[in-house]
Amino acid sequence: MAARDTAHPIALDTETTDLNPFKAELVGMGFCWGPGPADLAYLPIGHHPPMAADLLSAAPEAPPQLPLAAVVSALAPWLTSPDHPKSLQNAKYDRLILLRHGLALGGVVMDTLLADYLRDANAKHGLDAMAERNFGFTPTSFSDLVAKGANFASVPIEVAALYCGMDVHLTWKLTQLLGRQLQDLGEALTPLLREVELPLEPVLAAMEATGIRIDIAYLQELSAELLATLTALEAQAKEAAGSDFNLASPKQLGELLFDTLGLDRKKSRKTKTGWSTDAAVLEKLEADHPVVPLVLEHRTLSKLKSTYVDALPALVEPETGRVHTDFNQAVTATGRLSSSNPNLQNIPIRTVFSRRIRKAFLPQEGWHLISADYSQIELRILTHLSGEAVLVNAYQQGDDVHALTARLLLEKENITPDERRLGKTINFGVIYGMGAQRFARETGVSQAQAKEFLSKYKQRYPKVFAFLELQERLALSQGYVETILGRRRPFPFDPNGLGRLRGKDPLAIDLEVARRGGMEAQQLRAAANAPIQGSSADIIKVAMVQLHHRLESTGLAARLLLQVHDELVLEAAPEALDAVVTLTRETMENAVTLSVPLVVETGVGPNWMEAK
DNA sequence: ATAGTCACG
DNA sequence: ACGTACGTGACTATA
């Protein structure tokens, strides 16, 4: 059990009563320090006593349980020590459990979940899937161990020890294996794990544990107002339609519009189950029948009511009075985080009404909310990665790049706001591989005009297109693309299809031929986009790690609360506010050094709406 | 469970 | 001739 041996950390696993770390009670802990059957231990802590019926047949003495307080105080020095290396599968969960018992887990040098995510973002990273894949072994599943409705505390200690022992044993074995695998994949992934993903995990745990305050009473008022509006809209829609139908059923709505009312089917398209009635379709039909605008309005408002206004209050933890999202660090293909239960990365903002929902997100009493977001970070990254001199210069001079693009495309000096919007649409569109059709639809110009703009864009910014095309070629020839920190997104093309291009000289690949299939074309756009979206994720992750530590070391009264891809949300005490805003901006802007400056815009307010 | 839809960057 | 803008998560209907 040598300390400081980061190559051979001790695997650790906690067993609890609940998947939700804010509800879970500690039931036991497992340890594994070597490959053998004797290199394992299980500490029972919170198992239920055996049932009376079991006691009659059971051994006279039930296995001893260790009192929680005794375990916590005895293990605290080891659990919190940065000098005793540990490895866990999804350390954030265990960390949150231990945090509730006052323990700050230290010395996590490996997280098998995060390592496997860096190895292959597309793979499944559950312990069961990894055991199957690497060792051809299927561990007992949790659901086979614990009856429905019961929890781990009801599992007998001897059984729990075997189950937990297997989990920590697998974690130990995977620790060794994944450490080697990441090294074999090149120079970048081990530092990315050690310097970004592993240090980010406790930052996310802290953000989740803090949570964000929600104004429940205000949301309930909003809910009542929405209910009244929705009820009225529903009655009006049925009146206009001349029939009773479920406004929430796309199937019934499609039948009403295209069968009963005979509206123009050419404005819709076929789905697997009938006619599409999505917002784009309904907008085309808006003037054709009075029911359509009513349905559109109803759709928007009922979405907001069910997904946010009614859902959020139910997710407030009674213990803390705040909502604690789950930031998932190992789900997206590109390296971004995702957020769930609730998803706080898709809180409405775009419409006037939806902005009212943001007013429900509050700082701690007496504090301020801060929002800090990267300005045009993806376009800056594309500029940096492509080295397109016109754009590099523009960003270095602090010019308005959307206006610049509009001037270049329209070949005139003075640009109207509408024309600038055209530049913005095309600047962002190229990041996603937008075609002329979509560009025309977004901006209202003709398809021919859109085609001309795109080819002009290509002439003016040739390096942008060379870069994007190179990513497609790399996806085909090497099977993956990379971000600035070396994060990979694999593209496992079928060897009988585009996979046959593996190993070829990337510049010799005929992209037009490769792009012919629908699915393949989509994959190639994703390949061009991944280094941009993924590098943005790299940068904000570095900023979060640095900012969290700087807030701690300076002792400023402020906490990171949320990350929304290019935005950080914090709360700060009034006396710390100015210092925190400055520290946040400077940390985000200097997280990495590119050929173009990174610019962060900040706002402060009494709620999330007013902080933006 | 899957499909359709829609909220966000 | 078609469909073509990347990445997510949640809700409702429907099977």
# chains A, B, ... in the order shown; residues from 1 in each chain; ligands from 1
call {"tool": "residues_around", "arguments": {"residues": "A:Ala76", "least_positions_apart": "2", "cutoff": "12 Å", "atoms": "only C-alpha atoms (C1' of nucleotides)", "output": "list of chain:residue names"}}
result
A:Leu68, A:Ala69, A:Ala70, A:Val71, A:Val72, A:Ser73, A:Ala74, A:Trp78, A:Leu79, A:Thr80, A:Ser81, A:Pro82, A:His84, A:Leu98, A:Leu99, A:His101, A:Gly102, A:Leu103, A:Ala104, A:Leu105, A:Gly106
call {"tool": "write_last_selection", "arguments": {"atoms": "N, CA and C atoms", "output": "PDB file, in the first residue's frame"}}
result
ATOM      1  N   LEU A  68     -21.015   4.178  11.168  1.00  0.00           N
ATOM      2  CA  LEU A  68     -20.636   5.163  10.151  1.00  0.00           C
ATOM      3  C   LEU A  68     -19.598   6.156  10.664  1.00  0.00           C
ATOM      4  N   ALA A  69     -19.855   6.692  11.858  1.00  0.00           N
ATOM      5  CA  ALA A  69     -18.954   7.723  12.394  1.00  0.00           C
ATOM      6  C   ALA A  69     -17.546   7.175  12.590  1.00  0.00           C
ATOM      7  N   ALA A  70     -17.459   5.907  13.036  1.00  0.00           N
ATOM      8  CA  ALA A  70     -16.151   5.301  13.253  1.00  0.00           C
ATOM      9  C   ALA A  70     -15.419   5.111  11.931  1.00  0.00           C
ATOM     10  N   VAL A  71     -16.158   4.658  10.900  1.00  0.00           N
ATOM     11  CA  VAL A  71     -15.549   4.458   9.582  1.00  0.00           C
ATOM     12  C   VAL A  71     -15.049   5.791   9.038  1.00  0.00           C
ATOM     13  N   VAL A  72     -15.909   6.789   9.133  1.00  0.00           N
ATOM     14  CA  VAL A  72     -15.559   8.096   8.584  1.00  0.00           C
ATOM     15  C   VAL A  72     -14.300   8.643   9.246  1.00  0.00           C
ATOM     16  N   SER A  73     -14.240   8.575  10.569  1.00  0.00           N
ATOM     17  CA  SER A  73     -13.080   9.184  11.227  1.00  0.00           C
ATOM     18  C   SER A  73     -11.823   8.349  11.027  1.00  0.00           C
ATOM     19  N   ALA A  74     -11.975   7.014  10.961  1.00  0.00           N
ATOM     20  CA  ALA A  74     -10.786   6.180  10.763  1.00  0.00           C
ATOM     21  C   ALA A  74     -10.228   6.318   9.350  1.00  0.00           C
ATOM     22  N   TRP A  78      -6.883   8.824   5.131  1.00  0.00           N
ATOM     23  CA  TRP A  78      -6.538   8.163   3.863  1.00  0.00           C
ATOM     24  C   TRP A  78      -7.412   8.681   2.716  1.00  0.00           C
ATOM     25  N   LEU A  79      -8.730   8.765   2.960  1.00  0.00           N
ATOM     26  CA  LEU A  79      -9.648   9.180   1.884  1.00  0.00           C
ATOM     27  C   LEU A  79      -9.338  10.599   1.397  1.00  0.00           C
ATOM     28  N   THR A  80      -8.959  11.465   2.284  1.00  0.00           N
ATOM     29  CA  THR A  80      -8.761  12.868   1.898  1.00  0.00           C
ATOM     30  C   THR A  80      -7.334  13.156   1.443  1.00  0.00           C
ATOM     31  N   SER A  81      -6.416  12.219   1.670  1.00  0.00           N
ATOM     32  CA  SER A  81      -5.009  12.495   1.374  1.00  0.00           C
ATOM     33  C   SER A  81      -4.713  12.530  -0.119  1.00  0.00           C
ATOM     34  N   PRO A  82      -4.100  13.606  -0.611  1.00  0.00           N
ATOM     35  CA  PRO A  82      -3.690  13.636  -2.021  1.00  0.00           C
ATOM     36  C   PRO A  82      -2.506  12.710  -2.288  1.00  0.00           C
ATOM     37  N   HIS A  84      -2.204   9.534  -1.208  1.00  0.00           N
ATOM     38  CA  HIS A  84      -2.572   8.120  -1.307  1.00  0.00           C
ATOM     39  C   HIS A  84      -3.428   7.939  -2.550  1.00  0.00           C
ATOM     40  N   LEU A  98     -19.324  11.070  -0.231  1.00  0.00           N
ATOM     41  CA  LEU A  98     -18.375  11.340   0.856  1.00  0.00           C
ATOM     42  C   LEU A  98     -18.466  12.793   1.324  1.00  0.00           C
ATOM     43  N   LEU A  99     -18.745  13.689   0.366  1.00  0.00           N
ATOM     44  CA  LEU A  99     -18.883  15.106   0.701  1.00  0.00           C
ATOM     45  C   LEU A  99     -20.016  15.313   1.701  1.00  0.00           C
ATOM     46  N   HIS A 101     -20.739  13.425   3.978  1.00  0.00           N
ATOM     47  CA  HIS A 101     -20.252  13.011   5.294  1.00  0.00           C
ATOM     48  C   HIS A 101     -19.047  13.835   5.710  1.00  0.00           C
ATOM     49  N   GLY A 102     -18.876  14.960   5.030  1.00  0.00           N
ATOM     50  CA  GLY A 102     -17.837  15.896   5.432  1.00  0.00           C
ATOM     51  C   GLY A 102     -16.450  15.537   4.948  1.00  0.00           C
ATOM     52  N   LEU A 103     -16.338  14.594   4.001  1.00  0.00           N
ATOM     53  CA  LEU A 103     -15.025  14.170   3.527  1.00  0.00           C
ATOM     54  C   LEU A 103     -14.756  14.665   2.114  1.00  0.00           C
ATOM     55  N   ALA A 104     -13.620  15.314   1.919  1.00  0.00           N
ATOM     56  CA  ALA A 104     -13.212  15.749   0.586  1.00  0.00           C
ATOM     57  C   ALA A 104     -12.251  14.706   0.019  1.00  0.00           C
ATOM     58  N   LEU A 105     -12.753  13.906  -0.881  1.00  0.00           N
ATOM     59  CA  LEU A 105     -11.949  12.834  -1.474  1.00  0.00           C
ATOM     60  C   LEU A 105     -10.704  13.418  -2.140  1.00  0.00           C
ATOM     61  N   GLY A 106      -9.539  12.876  -1.819  1.00  0.00           N
ATOM     62  CA  GLY A 106      -8.291  13.376  -2.409  1.00  0.00           C
ATOM     63  C   GLY A 106      -7.500  12.239  -3.032  1.00  0.00           C
TER      64      GLY A 106
END
call {"tool": "closest_atom_pairs", "arguments": {"of": "chain C", "to": "chain A", "cutoff": "6 Å", "atoms": "only C-alpha atoms (C1' of nucleotides)", "output": "tab-separated table"}}
result
residue	atom	partner	partner_atom	distance
C:DA5	C1'	A:Tyr432	CA	4.7
C:DC6	C1'	A:Tyr432	CA	5.0
C:DA13	C1'	A:Ser249	CA	5.9
call {"tool": "interface_residues", "arguments": {"of": "chain B", "to": "chain A", "cutoff": "6 Å", "atoms": "only C-alpha atoms (C1' of nucleotides)", "output": "number ranges by chain"}}
result
B: 7-9
call {"tool": "write_last_selection", "arguments": {"atoms": "C-alpha atoms (C1' of nucleotides)", "output": "short mmCIF file (atom, residue, chain, number, x, y, z; two decimals), in the first residue's frame"}}
result
data_model
loop_
_atom_site.label_atom_id
_atom_site.label_comp_id
_atom_site.auth_asym_id
_atom_site.auth_seq_id
_atom_site.Cartn_x
_atom_site.Cartn_y
_atom_site.Cartn_z
"C1'" DA B 7 -35.66 23.81 -25.51
"C1'" DC B 8 -30.46 25.31 -25.50
"C1'" DG B 9 -25.21 26.26 -27.30
#
call {"tool": "atom_distance", "arguments": {"atom1": "atom CA of A:Glu413", "atom2": "atom CA of A:Glu452"}}
result
19.0 Å
call {"tool": "residues_around", "arguments": {"residues": "stretch 117-130 of chain A", "least_positions_apart": "6", "cutoff": "7 Å", "atoms": "only C-alpha atoms (C1' of nucleotides)", "output": "PDB file with C-alpha atoms, in the first residue's frame"}}
result
ATOM      1  CA  THR A 138     -20.383 -10.335 -17.438  1.00  0.00           C
ATOM      2  CA  PRO A 139     -20.643  -9.104 -13.842  1.00  0.00           C
ATOM      3  CA  LEU A 182      -4.274   5.857 -23.321  1.00  0.00           C
ATOM      4  CA  LEU A 189      -4.616  11.738 -23.991  1.00  0.00           C
ATOM      5  CA  ALA A 330     -18.641  11.278 -20.459  1.00  0.00           C
ATOM      6  CA  ALA A 333     -19.115  12.631 -28.883  1.00  0.00           C
ATOM      7  CA  ARG A 487      -9.141  14.862 -27.660  1.00  0.00           C
ATOM      8  CA  ARG A 489     -13.650  11.816 -31.913  1.00  0.00           C
ATOM      9  CA  PRO A 490     -13.571   8.453 -33.694  1.00  0.00           C
TER      10      PRO A 490
END
call {"tool": "residues_around", "arguments": {"residues": "A:Gly242", "least_positions_apart": "3", "cutoff": "10 Å", "atoms": "only C-alpha atoms (C1' of nucleotides)", "output": "ChimeraX atom specification"}}
result
/A:236-239,245,256,260-261,291
call {"tool": "write_last_selection", "arguments": {"atoms": "all heavy atoms", "output": "mmCIF file, in the first residue's frame"}}
result
data_model
loop_
_atom_site.group_PDB
_atom_site.id
_atom_site.type_symbol
_atom_site.label_atom_id
_atom_site.label_comp_id
_atom_site.auth_asym_id
_atom_site.auth_seq_id
_atom_site.Cartn_x
_atom_site.Cartn_y
_atom_site.Cartn_z
ATOM 1 N N GLN A 236 -60.151 27.704 -28.368
ATOM 2 C CA GLN A 236 -60.177 28.436 -29.643
ATOM 3 C C GLN A 236 -59.749 27.546 -30.798
ATOM 4 O O GLN A 236 -60.318 27.601 -31.893
ATOM 5 C CB GLN A 236 -59.240 29.646 -29.583
ATOM 6 C CG GLN A 236 -59.722 30.770 -28.682
ATOM 7 C CD GLN A 236 -58.637 31.824 -28.466
ATOM 8 O OE1 GLN A 236 -57.857 32.118 -29.362
ATOM 9 N NE2 GLN A 236 -58.574 32.374 -27.266
ATOM 10 N N ALA A 237 -58.742 26.703 -30.561
ATOM 11 C CA ALA A 237 -58.234 25.841 -31.625
ATOM 12 C C ALA A 237 -59.286 24.816 -32.040
ATOM 13 O O ALA A 237 -59.500 24.570 -33.234
ATOM 14 C CB ALA A 237 -56.956 25.145 -31.165
ATOM 15 N N LYS A 238 -59.969 24.224 -31.047
ATOM 16 C CA LYS A 238 -60.994 23.229 -31.359
ATOM 17 C C LYS A 238 -62.169 23.882 -32.087
ATOM 18 O O LYS A 238 -62.740 23.304 -33.011
ATOM 19 C CB LYS A 238 -61.463 22.537 -30.075
ATOM 20 C CG LYS A 238 -60.404 21.567 -29.535
ATOM 21 C CD LYS A 238 -60.808 20.969 -28.200
ATOM 22 C CE LYS A 238 -59.699 20.064 -27.682
ATOM 23 N NZ LYS A 238 -59.985 19.569 -26.316
ATOM 24 N N GLU A 239 -62.499 25.090 -31.667
ATOM 25 C CA GLU A 239 -63.558 25.865 -32.327
ATOM 26 C C GLU A 239 -63.189 26.129 -33.782
ATOM 27 O O GLU A 239 -63.969 25.881 -34.701
ATOM 28 C CB GLU A 239 -63.723 27.188 -31.560
ATOM 29 C CG GLU A 239 -64.617 28.224 -32.198
ATOM 30 C CD GLU A 239 -66.094 27.868 -32.062
ATOM 31 O OE1 GLU A 239 -66.449 27.257 -31.026
ATOM 32 O OE2 GLU A 239 -66.880 28.190 -32.983
ATOM 33 N N PHE A 245 -59.894 17.561 -30.857
ATOM 34 C CA PHE A 245 -58.670 16.781 -31.107
ATOM 35 C C PHE A 245 -57.642 17.119 -30.035
ATOM 36 O O PHE A 245 -57.754 18.124 -29.339
ATOM 37 C CB PHE A 245 -58.123 17.069 -32.506
ATOM 38 C CG PHE A 245 -57.514 18.439 -32.667
ATOM 39 C CD1 PHE A 245 -56.128 18.588 -32.727
ATOM 40 C CD2 PHE A 245 -58.301 19.573 -32.752
ATOM 41 C CE1 PHE A 245 -55.554 19.848 -32.871
ATOM 42 C CE2 PHE A 245 -57.739 20.836 -32.890
ATOM 43 C CZ PHE A 245 -56.362 20.979 -32.950
ATOM 44 N N LEU A 256 -55.846 16.050 -38.940
ATOM 45 C CA LEU A 256 -56.747 17.203 -39.013
ATOM 46 C C LEU A 256 -56.330 18.135 -40.164
ATOM 47 O O LEU A 256 -57.153 18.506 -41.012
ATOM 48 C CB LEU A 256 -56.725 17.969 -37.691
ATOM 49 C CG LEU A 256 -57.493 19.303 -37.713
ATOM 50 C CD1 LEU A 256 -58.997 19.055 -37.647
ATOM 51 C CD2 LEU A 256 -57.061 20.216 -36.582
ATOM 52 N N THR A 260 -58.630 16.088 -42.881
ATOM 53 C CA THR A 260 -59.927 16.743 -42.647
ATOM 54 C C THR A 260 -59.998 18.128 -43.289
ATOM 55 O O THR A 260 -60.954 18.433 -44.006
ATOM 56 C CB THR A 260 -60.182 16.879 -41.135
ATOM 57 O OG1 THR A 260 -59.925 15.618 -40.507
ATOM 58 C CG2 THR A 260 -61.611 17.306 -40.870
ATOM 59 N N LEU A 261 -58.981 18.964 -43.029
ATOM 60 C CA LEU A 261 -59.049 20.349 -43.518
ATOM 61 C C LEU A 261 -58.453 20.508 -44.910
ATOM 62 O O LEU A 261 -58.622 21.555 -45.547
ATOM 63 C CB LEU A 261 -58.322 21.291 -42.536
ATOM 64 C CG LEU A 261 -58.911 21.334 -41.115
ATOM 65 C CD1 LEU A 261 -58.090 22.250 -40.219
ATOM 66 C CD2 LEU A 261 -60.374 21.796 -41.140
ATOM 67 N N VAL A 291 -56.609 27.720 -37.448
ATOM 68 C CA VAL A 291 -56.221 26.814 -36.360
ATOM 69 C C VAL A 291 -54.701 26.763 -36.201
ATOM 70 O O VAL A 291 -54.181 26.515 -35.107
ATOM 71 C CB VAL A 291 -56.803 25.391 -36.595
ATOM 72 C CG1 VAL A 291 -56.001 24.644 -37.660
ATOM 73 C CG2 VAL A 291 -56.809 24.603 -35.290
#
call {"tool": "residues_around", "arguments": {"residues": "stretch 461-476 of chain A", "least_positions_apart": "5", "cutoff": "7 Å", "atoms": "only C-alpha atoms (C1' of nucleotides)", "output": "list in words"}}
result
Ser386, Gly387, Glu388, Val481, Phe491, Leu498, Gly499, Leu501, Arg502, Pro506, Leu507, Ile509, Leu524, Ala527 and Ala528 of chain A
call {"tool": "write_last_selection", "arguments": {"atoms": "N, CA, C and O atoms", "output": "JSON list (two decimals), in the first residue's frame"}}
result
[["chain", "number", "residue", "atom", "x", "y", "z"],
["A", 386, "SER", "N", -7.68, 27.21, -38.74],
["A", 386, "SER", "CA", -7.50, 27.29, -40.19],
["A", 386, "SER", "C", -6.35, 28.23, -40.55],
["A", 386, "SER", "O", -5.75, 28.09, -41.61],
["A", 387, "GLY", "N", -6.06, 29.19, -39.70],
["A", 387, "GLY", "CA", -5.02, 30.17, -40.00],
["A", 387, "GLY", "C", -5.41, 31.13, -41.11],
["A", 387, "GLY", "O", -4.53, 31.74, -41.74],
["A", 388, "GLU", "N", -6.70, 31.29, -41.34],
["A", 388, "GLU", "CA", -7.15, 32.19, -42.40],
["A", 388, "GLU", "C", -6.78, 33.65, -42.02],
["A", 388, "GLU", "O", -7.36, 34.23, -41.10],
["A", 481, "VAL", "N", -10.78, 12.51, -35.72],
["A", 481, "VAL", "CA", -10.28, 13.89, -35.78],
["A", 481, "VAL", "C", -9.96, 14.31, -34.35],
["A", 481, "VAL", "O", -10.37, 13.66, -33.39],
["A", 491, "PHE", "N", -14.34, 8.09, -35.95],
["A", 491, "PHE", "CA", -15.33, 7.90, -37.01],
["A", 491, "PHE", "C", -15.16, 6.51, -37.60],
["A", 491, "PHE", "O", -14.43, 6.31, -38.55],
["A", 498, "LEU", "N", -17.12, 3.59, -46.65],
["A", 498, "LEU", "CA", -16.05, 4.59, -46.64],
["A", 498, "LEU", "C", -14.83, 4.13, -45.85],
["A", 498, "LEU", "O", -13.74, 4.68, -46.03],
["A", 499, "GLY", "N", -15.01, 3.10, -45.01],
["A", 499, "GLY", "CA", -13.89, 2.58, -44.22],
["A", 499, "GLY", "C", -12.75, 2.07, -45.07],
["A", 499, "GLY", "O", -11.62, 1.96, -44.62],
["A", 501, "LEU", "N", -11.26, 3.61, -47.11],
["A", 501, "LEU", "CA", -10.31, 4.71, -47.34],
["A", 501, "LEU", "C", -9.30, 4.83, -46.21],
["A", 501, "LEU", "O", -8.39, 5.68, -46.27],
["A", 502, "ARG", "N", -9.44, 4.01, -45.16],
["A", 502, "ARG", "CA", -8.50, 4.05, -44.04],
["A", 502, "ARG", "C", -7.08, 3.77, -44.52],
["A", 502, "ARG", "O", -6.84, 2.85, -45.30],
["A", 506, "PRO", "N", -4.61, 11.26, -47.09],
["A", 506, "PRO", "CA", -5.84, 12.05, -46.95],
["A", 506, "PRO", "C", -6.08, 13.00, -48.12],
["A", 506, "PRO", "O", -7.22, 13.20, -48.53],
["A", 507, "LEU", "N", -5.00, 13.56, -48.66],
["A", 507, "LEU", "CA", -5.19, 14.55, -49.73],
["A", 507, "LEU", "C", -5.53, 13.90, -51.06],
["A", 507, "LEU", "O", -5.95, 14.59, -52.00],
["A", 509, "ILE", "N", -7.91, 11.62, -51.30],
["A", 509, "ILE", "CA", -9.30, 11.16, -51.22],
["A", 509, "ILE", "C", -10.22, 12.11, -51.99],
["A", 509, "ILE", "O", -10.12, 13.33, -51.85],
["A", 524, "LEU", "N", -19.51, 13.19, -42.24],
["A", 524, "LEU", "CA", -18.39, 14.03, -42.64],
["A", 524, "LEU", "C", -18.57, 15.47, -42.16],
["A", 524, "LEU", "O", -17.60, 16.12, -41.77],
["A", 527, "ALA", "N", -17.59, 15.39, -38.68],
["A", 527, "ALA", "CA", -16.13, 15.32, -38.54],
["A", 527, "ALA", "C", -15.50, 16.70, -38.68],
["A", 527, "ALA", "O", -14.55, 17.05, -37.97],
["A", 528, "ALA", "N", -16.05, 17.51, -39.58],
["A", 528, "ALA", "CA", -15.52, 18.86, -39.77],
["A", 528, "ALA", "C", -15.84, 19.73, -38.55],
["A", 528, "ALA", "O", -15.05, 20.59, -38.16]]
call {"tool": "select_by_dssp", "arguments": {"residues": "stretch 106-270 of chain A", "states": "alpha helix (DSSP H)", "output": "ChimeraX atom specification"}}
result
/A:112-119,127-135,142-145,157-184,189-192,198-210,216-241,250-255
call {"tool": "atom_distance", "arguments": {"atom1": "atom CA of A:Thr351", "atom2": "atom CA of A:Glu317"}}
result
28.6 Å
call {"tool": "decode", "arguments": {"residues": "chain C", "atoms": "C-alpha atoms (C1' of nucleotides)", "output": "PDB file, in the first residue's frame"}}
result
ATOM      1  C1'  DA C   1     -34.443  12.845 -57.290  1.00  0.00           C
ATOM      2  C1'  DC C   2     -33.574  13.483 -52.768  1.00  0.00           C
ATOM      3  C1'  DG C   3     -32.015  15.501 -48.498  1.00  0.00           C
ATOM      4  C1'  DT C   4     -28.163  18.419 -46.135  1.00  0.00           C
ATOM      5  C1'  DA C   5     -26.499  22.355 -40.147  1.00  0.00           C
ATOM      6  C1'  DC C   6     -23.312  20.263 -35.505  1.00  0.00           C
ATOM      7  C1'  DG C   7     -24.088  18.732 -30.356  1.00  0.00           C
ATOM      8  C1'  DT C   8     -27.411  17.555 -26.429  1.00  0.00           C
ATOM      9  C1'  DG C   9     -32.035  16.098 -22.924  1.00  0.00           C
ATOM     10  C1'  DA C  10     -37.045  16.105 -21.803  1.00  0.00           C
ATOM     11  C1'  DC C  11     -41.799  15.825 -22.636  1.00  0.00           C
ATOM     12  C1'  DT C  12     -46.005  13.694 -24.762  1.00  0.00           C
ATOM     13  C1'  DA C  13     -48.272  10.359 -27.478  1.00  0.00           C
ATOM     14  C1'  DT C  14     -48.484   5.910 -28.978  1.00  0.00           C
ATOM     15  C1'  DA C  15     -47.307   1.217 -29.372  1.00  0.00           C
TER      16       DA C  15
END
